[in-house]
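Chemist: Next comes the structure file target04.tsv, holding TSV, C-alpha atoms.
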chain	number	residue	atom	x	y	z
A	678	MET	CA	-13.72	-23.03	10.41
A	679	ASP	CA	-13.25	-19.50	9.07
A	680	ARG	CA	-10.05	-18.95	7.05
A	681	ILE	CA	-8.97	-15.98	9.18
A	682	GLN	CA	-9.66	-17.95	12.35
A	683	LYS	CA	-7.34	-20.68	11.06
A	684	GLN	CA	-4.62	-18.11	10.40
A	685	ILE	CA	-4.96	-16.68	13.92
A	686	PHE	CA	-4.85	-20.18	15.41
A	687	ARG	CA	-1.68	-21.08	13.45
A	688	ALA	CA	0.03	-17.88	14.59
A	689	LEU	CA	-0.86	-18.42	18.25
A	690	LEU	CA	0.10	-22.10	18.20
A	691	ALA	CA	3.62	-20.80	17.55
A	692	GLY	CA	3.39	-18.52	20.60
A	693	PRO	CA	1.51	-15.50	21.97
A	694	GLY	CA	1.43	-12.34	19.88
A	695	THR	CA	0.29	-8.75	20.08
A	696	PHE	CA	-2.83	-7.52	18.29
A	697	TRP	CA	-0.58	-5.84	15.71
A	698	GLN	CA	1.58	-8.92	15.14
A	699	LEU	CA	-1.54	-11.00	14.48
A	700	ILE	CA	-2.65	-8.53	11.80
A	701	ARG	CA	0.59	-9.26	9.92
A	702	LYS	CA	-0.05	-13.02	10.09
A	703	GLN	CA	-3.50	-13.05	8.47
A	704	ASP	CA	-4.79	-11.84	5.12
A	705	GLY	CA	-8.32	-10.63	5.82
A	706	HIS	CA	-9.52	-7.05	5.87
A	707	LEU	CA	-9.47	-5.33	9.23
A	708	ALA	CA	-13.21	-5.38	9.81
A	709	HIS	CA	-13.34	-9.15	9.34
A	710	PHE	CA	-10.16	-9.76	11.37
A	711	LEU	CA	-11.64	-7.79	14.27
A	712	GLU	CA	-14.96	-9.65	14.06
A	713	VAL	CA	-13.25	-13.06	14.09
A	714	LEU	CA	-10.93	-12.16	16.95
A	715	GLU	CA	-13.80	-10.83	19.07
A	716	LYS	CA	-15.75	-14.08	18.54
A	717	MET	CA	-12.69	-16.12	19.53
A	718	LEU	CA	-12.36	-14.06	22.71
A	719	ALA	CA	-16.07	-14.48	23.49
A	720	ARG	CA	-15.81	-18.27	23.02
A	721	GLU	CA	-12.72	-18.32	25.25
A	722	LEU	CA	-10.58	-19.78	22.47
A	723	VAL	CA	-8.06	-17.00	23.09
A	724	ARG	CA	-7.47	-14.57	25.94
A	725	SER	CA	-6.03	-11.08	26.08
A	726	GLU	CA	-3.57	-10.23	28.82
A	727	GLY	CA	-1.53	-7.03	28.82
A	728	SER	CA	-0.30	-6.35	25.31
A	729	TYR	CA	-0.48	-10.00	24.24
A	730	ILE	CA	-3.09	-12.46	23.04
A	731	TYR	CA	-2.75	-16.09	24.10
A	732	LEU	CA	-4.28	-19.35	22.93
A	733	THR	CA	-6.32	-21.06	25.65
A	734	ALA	CA	-6.32	-24.82	26.23
A	735	LYS	CA	-9.80	-24.91	24.68
A	736	GLY	CA	-8.55	-23.03	21.64
A	737	GLU	CA	-5.47	-25.21	21.26
A	738	LYS	CA	-7.60	-28.38	21.33
A	739	LEU	CA	-9.93	-27.00	18.66
A	740	ALA	CA	-6.99	-25.97	16.49
A	741	ARG	CA	-5.34	-29.39	16.81
A	742	ASP	CA	-8.66	-31.14	16.12
A	743	HIS	CA	-8.75	-29.26	12.79
A	744	GLY	CA	-5.27	-30.45	11.92
A	745	LEU	CA	-3.57	-27.09	12.39
A	746	SER	CA	0.08	-26.75	13.35
A	747	PRO	CA	2.24	-23.79	14.44
A	748	LEU	CA	2.98	-21.27	11.70
A	749	GLU	CA	6.57	-21.65	10.50
A	750	PRO	CA	8.53	-18.56	9.37
A	751	LEU	CA	9.20	-19.00	5.64
A	752	THR	CA	9.77	-15.45	4.38
A	753	CYS	CA	13.15	-15.09	2.70
A	754	PRO	CA	15.47	-13.30	5.17
A	755	ALA	CA	17.50	-11.74	2.35
A	756	CYS	CA	14.72	-10.03	0.38
A	757	GLU	CA	12.06	-9.97	3.15
A	758	GLY	CA	9.54	-11.35	0.66
A	759	LYS	CA	10.00	-8.51	-1.84
A	760	THR	CA	11.65	-10.82	-4.45
A	761	VAL	CA	14.55	-8.36	-4.94
A	762	THR	CA	17.62	-7.56	-2.85
A	763	LEU	CA	19.01	-4.04	-2.79
A	764	GLN	CA	22.57	-4.61	-3.92
A	765	GLY	CA	24.94	-2.93	-6.35
A	766	ARG	CA	23.48	0.29	-7.69
A	767	PHE	CA	20.40	-0.06	-5.51
A	768	ALA	CA	22.39	-0.25	-2.27
A	769	ARG	CA	23.81	3.17	-3.13
A	770	VAL	CA	20.36	4.48	-4.05
A	771	LEU	CA	18.95	3.31	-0.71
A	772	GLU	CA	21.72	5.05	1.24
A	773	GLU	CA	21.22	8.35	-0.60
A	774	PHE	CA	17.45	8.07	-0.52
A	775	GLU	CA	17.31	7.52	3.24
A	776	GLU	CA	19.16	10.77	3.80
A	777	ILE	CA	16.74	12.71	1.57
A	778	ALA	CA	13.62	11.01	2.99
A	779	ARG	CA	14.50	12.10	6.53
A	780	GLN	CA	13.91	15.70	5.44
A	781	ARG	CA	10.44	15.31	3.91
A	782	PRO	CA	7.30	16.89	5.38
A	783	PRO	CA	5.33	14.78	7.88
A	784	ALA	CA	2.37	12.76	6.62
A	785	VAL	CA	-1.08	14.36	7.02
A	786	ALA	CA	-4.51	12.72	7.21
A	787	GLU	CA	-6.03	15.37	4.92
A	788	PHE	CA	-4.65	13.53	1.88
A	789	ASP	CA	-4.73	10.04	3.43
A	790	GLN	CA	-0.93	10.00	3.58
A	791	GLY	CA	1.13	7.29	5.22
A	792	TYR	CA	4.70	6.73	4.10
A	793	VAL	CA	6.09	3.32	3.21
A	794	ASP	CA	9.51	2.56	4.66
A	795	THR	CA	12.53	3.52	2.59
A	796	ARG	CA	13.44	-0.07	1.68
A	797	SER	CA	9.97	-0.62	0.23
A	798	THR	CA	10.27	2.55	-1.86
A	799	VAL	CA	13.63	1.59	-3.34
A	800	ALA	CA	12.48	-2.01	-3.82
A	801	ARG	CA	9.63	-0.68	-5.99
A	802	VAL	CA	12.22	0.92	-8.24
A	803	ALA	CA	14.31	-2.27	-8.30
A	804	ILE	CA	11.21	-4.22	-9.42
A	805	MET	CA	10.63	-1.69	-12.21
A	806	TYR	CA	14.25	-2.10	-13.28
A	807	ARG	CA	14.06	-5.90	-13.24
A	808	ARG	CA	10.95	-5.88	-15.42
A	809	GLY	CA	12.39	-3.44	-17.99
A	810	ASP	CA	10.08	-0.58	-16.99
A	811	LEU	CA	12.78	1.86	-15.85
A	812	GLU	CA	15.78	2.25	-18.17
A	813	GLY	CA	15.10	4.93	-20.76
A	814	GLN	CA	11.41	4.88	-19.86
A	815	ASP	CA	9.22	7.94	-19.24
A	816	VAL	CA	7.54	7.52	-15.86
A	817	LEU	CA	4.44	9.22	-14.42
A	818	LEU	CA	3.56	9.28	-10.73
A	819	ILE	CA	0.22	10.66	-9.52
A	820	GLY	CA	0.73	11.37	-5.84
A	821	ASP	CA	4.20	10.82	-4.43
A	822	ASP	CA	4.29	11.15	-0.66
A	823	ASP	CA	6.69	8.18	-0.66
A	824	LEU	CA	9.13	10.13	-2.88
A	825	THR	CA	9.49	7.26	-5.33
A	826	SER	CA	10.30	9.80	-8.04
A	827	ILE	CA	13.44	10.76	-6.13
A	828	ALA	CA	14.48	7.12	-5.75
A	829	ILE	CA	13.97	6.70	-9.52
A	830	ALA	CA	16.03	9.81	-10.24
A	831	LEU	CA	18.85	8.55	-8.01
A	832	THR	CA	19.30	5.51	-10.29
A	833	GLY	CA	20.07	7.75	-13.27
A	834	MET	CA	18.25	5.24	-15.48
A	835	ALA	CA	14.86	6.72	-16.33
A	836	GLY	CA	13.97	9.10	-19.12
A	837	ARG	CA	11.44	11.73	-18.12
A	838	ILE	CA	10.01	11.55	-14.58
A	839	THR	CA	6.81	13.51	-13.95
A	840	VAL	CA	5.08	13.88	-10.59
A	841	LEU	CA	1.52	15.18	-10.27
A	842	GLU	CA	0.89	15.90	-6.60
A	843	VAL	CA	-1.95	17.60	-4.69
A	844	ASP	CA	0.08	18.51	-1.58
A	845	ASP	CA	1.88	21.86	-1.95
A	846	ARG	CA	4.50	20.81	0.62
A	847	LEU	CA	5.53	17.79	-1.42
A	848	VAL	CA	5.48	19.74	-4.68
A	849	GLU	CA	7.94	22.20	-3.15
A	850	PHE	CA	10.08	19.47	-1.57
A	851	ILE	CA	10.44	17.34	-4.72
A	852	ASP	CA	11.10	20.42	-6.85
A	853	ALA	CA	13.77	21.63	-4.42
A	854	GLN	CA	15.51	18.24	-4.47
A	855	ALA	CA	15.45	18.13	-8.28
A	856	ARG	CA	17.02	21.58	-8.48
A	857	LYS	CA	19.58	20.77	-5.80
A	858	LYS	CA	20.64	17.56	-7.55
A	859	GLY	CA	20.48	19.04	-11.05
A	860	TRP	CA	17.90	16.50	-12.27
A	861	SER	CA	16.54	18.16	-15.39
A	862	ASN	CA	14.44	15.07	-16.17
A	863	LEU	CA	12.40	15.27	-12.93
A	864	SER	CA	9.50	17.71	-12.85
A	865	VAL	CA	6.59	18.14	-10.43
A	866	GLN	CA	3.42	20.18	-10.49
A	867	LYS	CA	0.29	20.49	-8.42
A	868	TYR	CA	-2.62	18.35	-9.58
A	869	ASP	CA	-5.81	16.99	-8.02
A	870	VAL	CA	-6.74	13.61	-9.50
A	871	ARG	CA	-10.42	14.56	-9.33
A	872	TYR	CA	-9.86	16.88	-12.29
A	873	PRO	CA	-9.28	15.68	-15.88
A	874	LEU	CA	-5.71	14.76	-16.81
A	875	PRO	CA	-4.22	17.69	-18.73
A	876	LEU	CA	-3.70	16.99	-22.43
A	877	GLU	CA	0.07	17.46	-22.13
A	878	PHE	CA	0.30	14.28	-20.03
A	879	GLN	CA	-1.93	12.05	-22.15
A	880	GLY	CA	-0.32	9.25	-24.17
A	881	ARG	CA	3.22	10.38	-23.26
A	882	TYR	CA	4.48	7.77	-20.76
A	883	ASP	CA	5.76	4.21	-20.73
A	884	THR	CA	5.24	3.45	-17.03
A	885	PHE	CA	3.06	4.74	-14.21
A	886	LEU	CA	3.32	4.21	-10.47
A	887	ILE	CA	0.70	5.09	-7.86
A	888	ASP	CA	-0.26	4.22	-4.28
A	889	PRO	CA	-3.92	5.17	-4.58
A	890	VAL	CA	-6.76	5.56	-2.12
A	891	GLU	CA	-8.72	2.33	-1.78
A	892	THR	CA	-12.32	3.42	-2.13
A	893	LEU	CA	-13.72	2.09	-5.40
A	894	PRO	CA	-14.38	5.58	-6.83
A	895	GLY	CA	-10.91	6.69	-5.74
A	896	ILE	CA	-8.87	3.82	-7.14
A	897	SER	CA	-10.93	3.81	-10.32
A	898	LEU	CA	-10.12	7.47	-10.84
A	899	PHE	CA	-6.39	7.01	-10.18
A	900	LEU	CA	-6.17	4.06	-12.58
A	901	SER	CA	-8.16	5.87	-15.25
A	902	ARG	CA	-5.97	8.98	-15.13
A	903	CYS	CA	-2.85	6.83	-15.30
A	904	ALA	CA	-4.19	4.71	-18.16
A	905	MET	CA	-4.74	7.87	-20.17
A	906	SER	CA	-1.07	8.78	-19.69
A	907	LEU	CA	0.30	5.61	-21.31
A	908	ARG	CA	1.55	5.22	-24.87
A	909	GLY	CA	-0.18	1.88	-25.46
A	910	LYS	CA	0.73	-1.78	-25.98
A	911	GLY	CA	3.49	-2.94	-23.66
A	912	SER	CA	3.24	0.05	-21.33
A	913	ALA	CA	3.25	-0.89	-17.66
A	914	GLY	CA	1.70	0.30	-14.44
A	915	TYR	CA	2.38	-0.33	-10.76
A	916	PHE	CA	0.15	0.24	-7.74
A	917	GLY	CA	-0.26	-0.83	-4.14
A	918	LEU	CA	-3.41	-2.43	-2.76
A	919	THR	CA	-3.94	-3.66	0.78
A	920	HIS	CA	-6.01	-6.56	2.00
A	921	LEU	CA	-6.46	-4.64	5.27
A	922	GLU	CA	-8.82	-2.01	3.85
A	923	ALA	CA	-9.91	-3.89	0.75
A	924	SER	CA	-11.96	-7.06	1.05
A	925	ARG	CA	-11.84	-9.83	-1.54
A	926	ASP	CA	-15.13	-8.48	-2.91
A	927	LYS	CA	-13.43	-5.14	-3.50
A	928	TRP	CA	-10.40	-6.89	-5.01
A	929	TYR	CA	-12.71	-8.62	-7.47
A	930	LEU	CA	-14.19	-5.32	-8.62
A	931	ILE	CA	-10.77	-3.68	-8.91
A	932	GLN	CA	-9.33	-6.57	-10.90
A	933	LYS	CA	-12.38	-6.58	-13.16
A	934	LEU	CA	-11.84	-2.86	-13.75
A	935	VAL	CA	-8.18	-3.50	-14.62
A	936	LEU	CA	-9.10	-6.19	-17.16
A	937	ASP	CA	-11.88	-4.08	-18.67
A	938	MET	CA	-9.33	-1.29	-19.17
A	939	ASN	CA	-7.28	-3.60	-21.44
A	940	PHE	CA	-4.59	-4.47	-18.91
A	941	VAL	CA	-3.40	-7.85	-17.66
A	942	ILE	CA	-2.09	-8.35	-14.14
A	943	THR	CA	1.39	-9.84	-14.46
A	944	ASP	CA	2.53	-9.72	-10.82
A	945	ILE	CA	1.13	-9.46	-7.30
A	946	ILE	CA	3.75	-9.47	-4.54
A	947	TYR	CA	2.17	-10.15	-1.15
A	948	ASN	CA	2.88	-7.74	1.73
A	949	PHE	CA	5.52	-5.98	-0.39
A	950	GLN	CA	5.26	-2.58	1.27
A	951	GLU	CA	5.48	-1.71	4.95
A	952	TYR	CA	4.03	1.61	6.12
A	953	GLU	CA	5.63	3.64	8.88
A	954	LEU	CA	2.40	4.86	10.45
A	955	GLU	CA	2.37	6.80	13.67
A	956	ARG	CA	2.26	4.51	16.70
A	957	GLU	CA	1.21	6.28	19.90
A	958	GLY	CA	-0.71	8.76	17.77
A	959	PHE	CA	-2.64	6.00	16.01
A	960	VAL	CA	-4.16	4.53	19.16
A	961	SER	CA	-5.03	7.98	20.52
A	962	LYS	CA	-7.08	9.07	17.49
A	963	ASP	CA	-10.54	8.16	16.27
A	964	TYR	CA	-9.58	5.58	13.65
A	965	PRO	CA	-12.40	3.05	13.18
A	966	LEU	CA	-10.04	0.21	14.09
A	967	VAL	CA	-9.39	1.82	17.48
A	968	GLN	CA	-13.05	2.72	18.07
A	969	ARG	CA	-14.37	-0.76	17.25
A	970	ALA	CA	-11.68	-2.86	18.91
A	971	PHE	CA	-12.63	-5.19	21.78
A	972	GLY	CA	-10.71	-3.11	24.32
A	973	ARG	CA	-7.98	-0.53	24.70
A	974	LEU	CA	-5.36	-1.37	22.08
A	975	PRO	CA	-1.67	-1.33	22.98
A	976	VAL	CA	0.69	0.98	21.10
A	977	PRO	CA	1.79	-0.82	17.90
A	978	ASP	CA	5.11	-2.62	18.33
A	979	ILE	CA	5.74	-3.22	14.61
A	980	ASN	CA	4.99	-1.72	11.21
A	981	TRP	CA	1.70	-3.59	11.03
A	982	TYR	CA	0.14	-1.93	7.96
A	983	THR	CA	1.24	-3.47	4.67
A	984	SER	CA	0.14	-3.55	1.05
A	985	ASN	CA	0.59	-5.77	-1.96
A	986	PHE	CA	2.39	-4.59	-5.10
A	987	PHE	CA	0.66	-5.01	-8.47
A	988	ARG	CA	2.20	-4.80	-11.95
A	989	LEU	CA	-0.06	-4.25	-14.96
A	990	GLU	CA	0.76	-4.40	-18.65
A	991	ALA	CA	-1.31	-2.88	-21.45
A	992	LEU	CA	-2.42	-5.22	-24.23
A	993	GLY	CA	-3.08	-2.23	-26.47
A	994	LYS	CA	-4.44	1.26	-26.05
A	995	PRO	CA	-6.06	1.34	-22.59
A	996	ARG	CA	-9.84	1.70	-22.45
A	997	VAL	CA	-10.74	4.42	-19.99
A	998	PRO	CA	-14.27	4.37	-18.50
A	999	GLU	CA	-16.31	7.53	-18.12
A	1000	GLN	CA	-15.90	9.08	-14.68
A	1001	GLU	CA	-19.19	10.11	-13.11
A	1002	ASN	CA	-20.23	11.29	-9.66
A	1003	ILE	CA	-16.69	11.81	-8.39
A	1004	PRO	CA	-17.01	12.11	-4.59
A	1005	ALA	CA	-15.87	15.26	-2.86
A	1006	GLY	CA	-14.29	15.63	0.56
A	1007	ARG	CA	-13.58	12.62	2.78
A	1008	GLU	CA	-15.91	10.35	0.79
A	1009	PHE	CA	-13.12	10.11	-1.77
A	1010	TYR	CA	-10.81	8.57	0.85
A	1011	PHE	CA	-13.19	6.76	3.19
A	1012	ASP	CA	-15.64	3.84	2.93
A	1013	GLU	CA	-16.98	1.15	5.26
A	1014	GLU	CA	-13.77	-0.91	4.92
A	1015	ALA	CA	-11.44	1.99	5.76
A	1016	TYR	CA	-10.54	0.98	9.31
A	1017	ALA	CA	-7.13	2.70	9.33
A	1018	THR	CA	-8.27	5.90	7.64
A	1019	LEU	CA	-9.81	8.88	9.43
A	1020	PRO	CA	-13.44	9.48	8.37
Written as C-alpha cells, how would this file's structure read?
Modeler:
Amino acid sequence: MDRIQKQIFRALLAGPGTFWQLIRKQDGHLAHFLEVLEKMLARELVRSEGSYIYLTAKGEKLARDHGLSPLEPLTCPACEGKTVTLQGRFARVLEEFEEIARQRPPAVAEFDQGYVDTRSTVARVAIMYRRGDLEGQDVLLIGDDDLTSIAIALTGMAGRITVLEVDDRLVEFIDAQARKKGWSNLSVQKYDVRYPLPLEFQGRYDTFLIDPVETLPGISLFLSRCAMSLRGKGSAGYFGLTHLEASRDKWYLIQKLVLDMNFVITDIIYNFQEYELEREGFVSKDYPLVQRAFGRLPVPDINWYTSNFFRLEALGKPRVPEQENIPAGREFYFDEEAYATLP
C-alpha cells in the first residue's frame, strides 16, 4: 500500500475530513496526494460528499486489514510542533510584530509571495536565538515578504540586519518601519537574486534567512547568493522547504547541493511554518491544484499550506557553484511540482 494512501486512511479512520485537512495529515507532494486520492475515490475506498471526504466500509476494511488505526493527535499543544514557545521577550515581540504586520502590502503572485502567519515568523527568530545565531550576529535576508527582519529588529539582539528585496512595496515598507522605530542597524535595498550578489554583501554576515522559490534553479540561486554572504566556519543559514511542492526526489537534489556547498543540515522542523494564503481567491484562480482536482474544491477551511524549517551550518568557507542558464520570467518560480503556484 502506498505511503500516502496509508496516511489518508489513518486520518479518515479518525473521522471525515475536508480536502484541505487531509493535505495537512500527509507528507507527499500535492501532485502525488491528488493522484492517490483520485484512485481511492475511483476504487470506492473513500467518497466525497459536500465539503467532506469519508471512508467507505470497503475502505475501512482494507485499512484495518493492513493493520492501520485512527491517527492520534500528538502535536504539542504548547508549541504547536515548532519546538519553541513564545514567552518572555518573544511574547512582547509577537504582540508588537502583529500590529506592524497588519499594515504590510498584500501578497502578489508576481513574486510568488504568500505570507506565513505571524507566530511562525516570530518562532523563526526564537529558533535563531536558541541556536546562538541571533545575539550580536549580522543577519542577511534575501526576500522578506514575511517581515522577519522586523521581528528580528524588535528583539534588539542582532547586530546588522540587511534585507535585499525585489518588491519595491516591501522595500519602502521595511525602510519606513526602520526609520519610524529608529533602527539604525536595519537596512533594506532593492535586489533581484538573479543578478550577482554585490561585493559589499559578500563574506560579511554570520547568519542568513530565506524562504526561497522551490524550483531547483531558483533555490540553488538563493542558497548560492546567501552562501557567498557568510563569513565562514560556524556561520548558519535558515530556509523553508515544503513537501507540498517539492517531492522527495527534489529534496534529495537540494540536500546534495547543500552538502556540496560545505554545509551540514543540523535541524529540520516538520510543518514549522503555516502560510496564510487567500481562501476564496485560491479556489477561483487557475492554480494547477484547482485545475487538476477531481471536482470543484471547497473553500479552504484551514491554513493548509505549510513548510519545513531547515538550519544549516558551514563547516568552512562555503563552496558556491557556478550559476548558468538562470531562468527568466515565470520559469524561475514554476515547475511541474508547483501545484500551488500560478504558472
Chemist: Here is a test: counting all atoms listed in the file, which residue of A:Gly958, A:Pro1020, A:Pro782, A:Gly836 is nearest to Leu863 in chain A?
Modeler: A:Gly836
Chemist: Select, counting only C-alpha atoms, all protein, DNA and RNA residues no farther than 6 Å from (15.0, 1.5, 2.6) in file coordinates, and express the selection as a PyMOL selection string.
Modeler: chain A and resi 771+794-797
Chemist: Considering all atoms listed in the file, can you say which of A:Asn980, A:Arg956, A:Ile1003, A:Glu922 comes closest to Asp704 in chain A?
Modeler: A:Glu922
Chemist: Calculated over all atoms listed in the file, which of the candidates A:Ile946, A:Val713, A:Leu930, A:Met938 has the smallest distance to Val997 in chain A?
Modeler: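 The closest residue to Val997 in chain A is A:Met938.
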Chemist: Report, in Å to a single decimal, how far apart CA of Gly791 in chain A and CA of Leu707 in chain A are.
Modeler: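 So the two atoms, CA of Leu707 in chain A and CA of Gly791 in chain A, lie 17.0 Å apart.
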Chemist: Work out how far apart CA of Pro873 in chain A and CA of Gly813 in chain A are and give it in Å to one decimal.
Modeler: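 Interatomic distance here is 27.1 Å.
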Chemist: Using Å and a single decimal, report how far CA of Phe987 in chain A sits from CA of Asp944 in chain A.
Modeler: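 Spanning CA of Asp944 in chain A to CA of Phe987 in chain A is a straight-line distance of 5.6 Å.
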Chemist: In terms of the shortest atom-to-atom distance over all atoms listed in the file, which of A:Gly809, A:Arg881, A:Trp697, A:Lys858 is closest to Arg837 in chain A?
Modeler: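 Closest to Arg837 in chain A, using all atoms listed in the file: A:Arg881.
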Chemist: Name the residues in contact with Gly758 in chain A at a cut-off of 12 Å, using all atoms listed in the file, excluding same-chain residues fewer than 2 positions from it; report them as JSON, numbers by chain.
Modeler: {"A": [750, 751, 752, 753, 754, 755, 756, 760, 761, 762, 796, 797, 800, 945, 946, 947, 948, 949, 950, 951, 985, 986]}
Chemist: Identify, on the basis of only C-alpha atoms, every residue whose closest approach to Glu812 in chain A does not exceed 9 Å; exclude the query and any residue fewer than 3 positions from it along the same chain; express the result as a compact mmCIF listing (two decimals) with C-alpha atoms, in the coordinates of the input.
Modeler:
# COMPACT_ATOMS: atom_id res chain seq x y z
CA MET A 805 10.63 -1.69 -12.21
CA TYR A 806 14.25 -2.10 -13.28
CA GLY A 809 12.39 -3.44 -17.99
CA ASP A 815 9.22 7.94 -19.24
CA GLY A 833 20.07 7.75 -13.27
CA MET A 834 18.25 5.24 -15.48
CA ALA A 835 14.86 6.72 -16.33
CA GLY A 836 13.97 9.10 -19.12
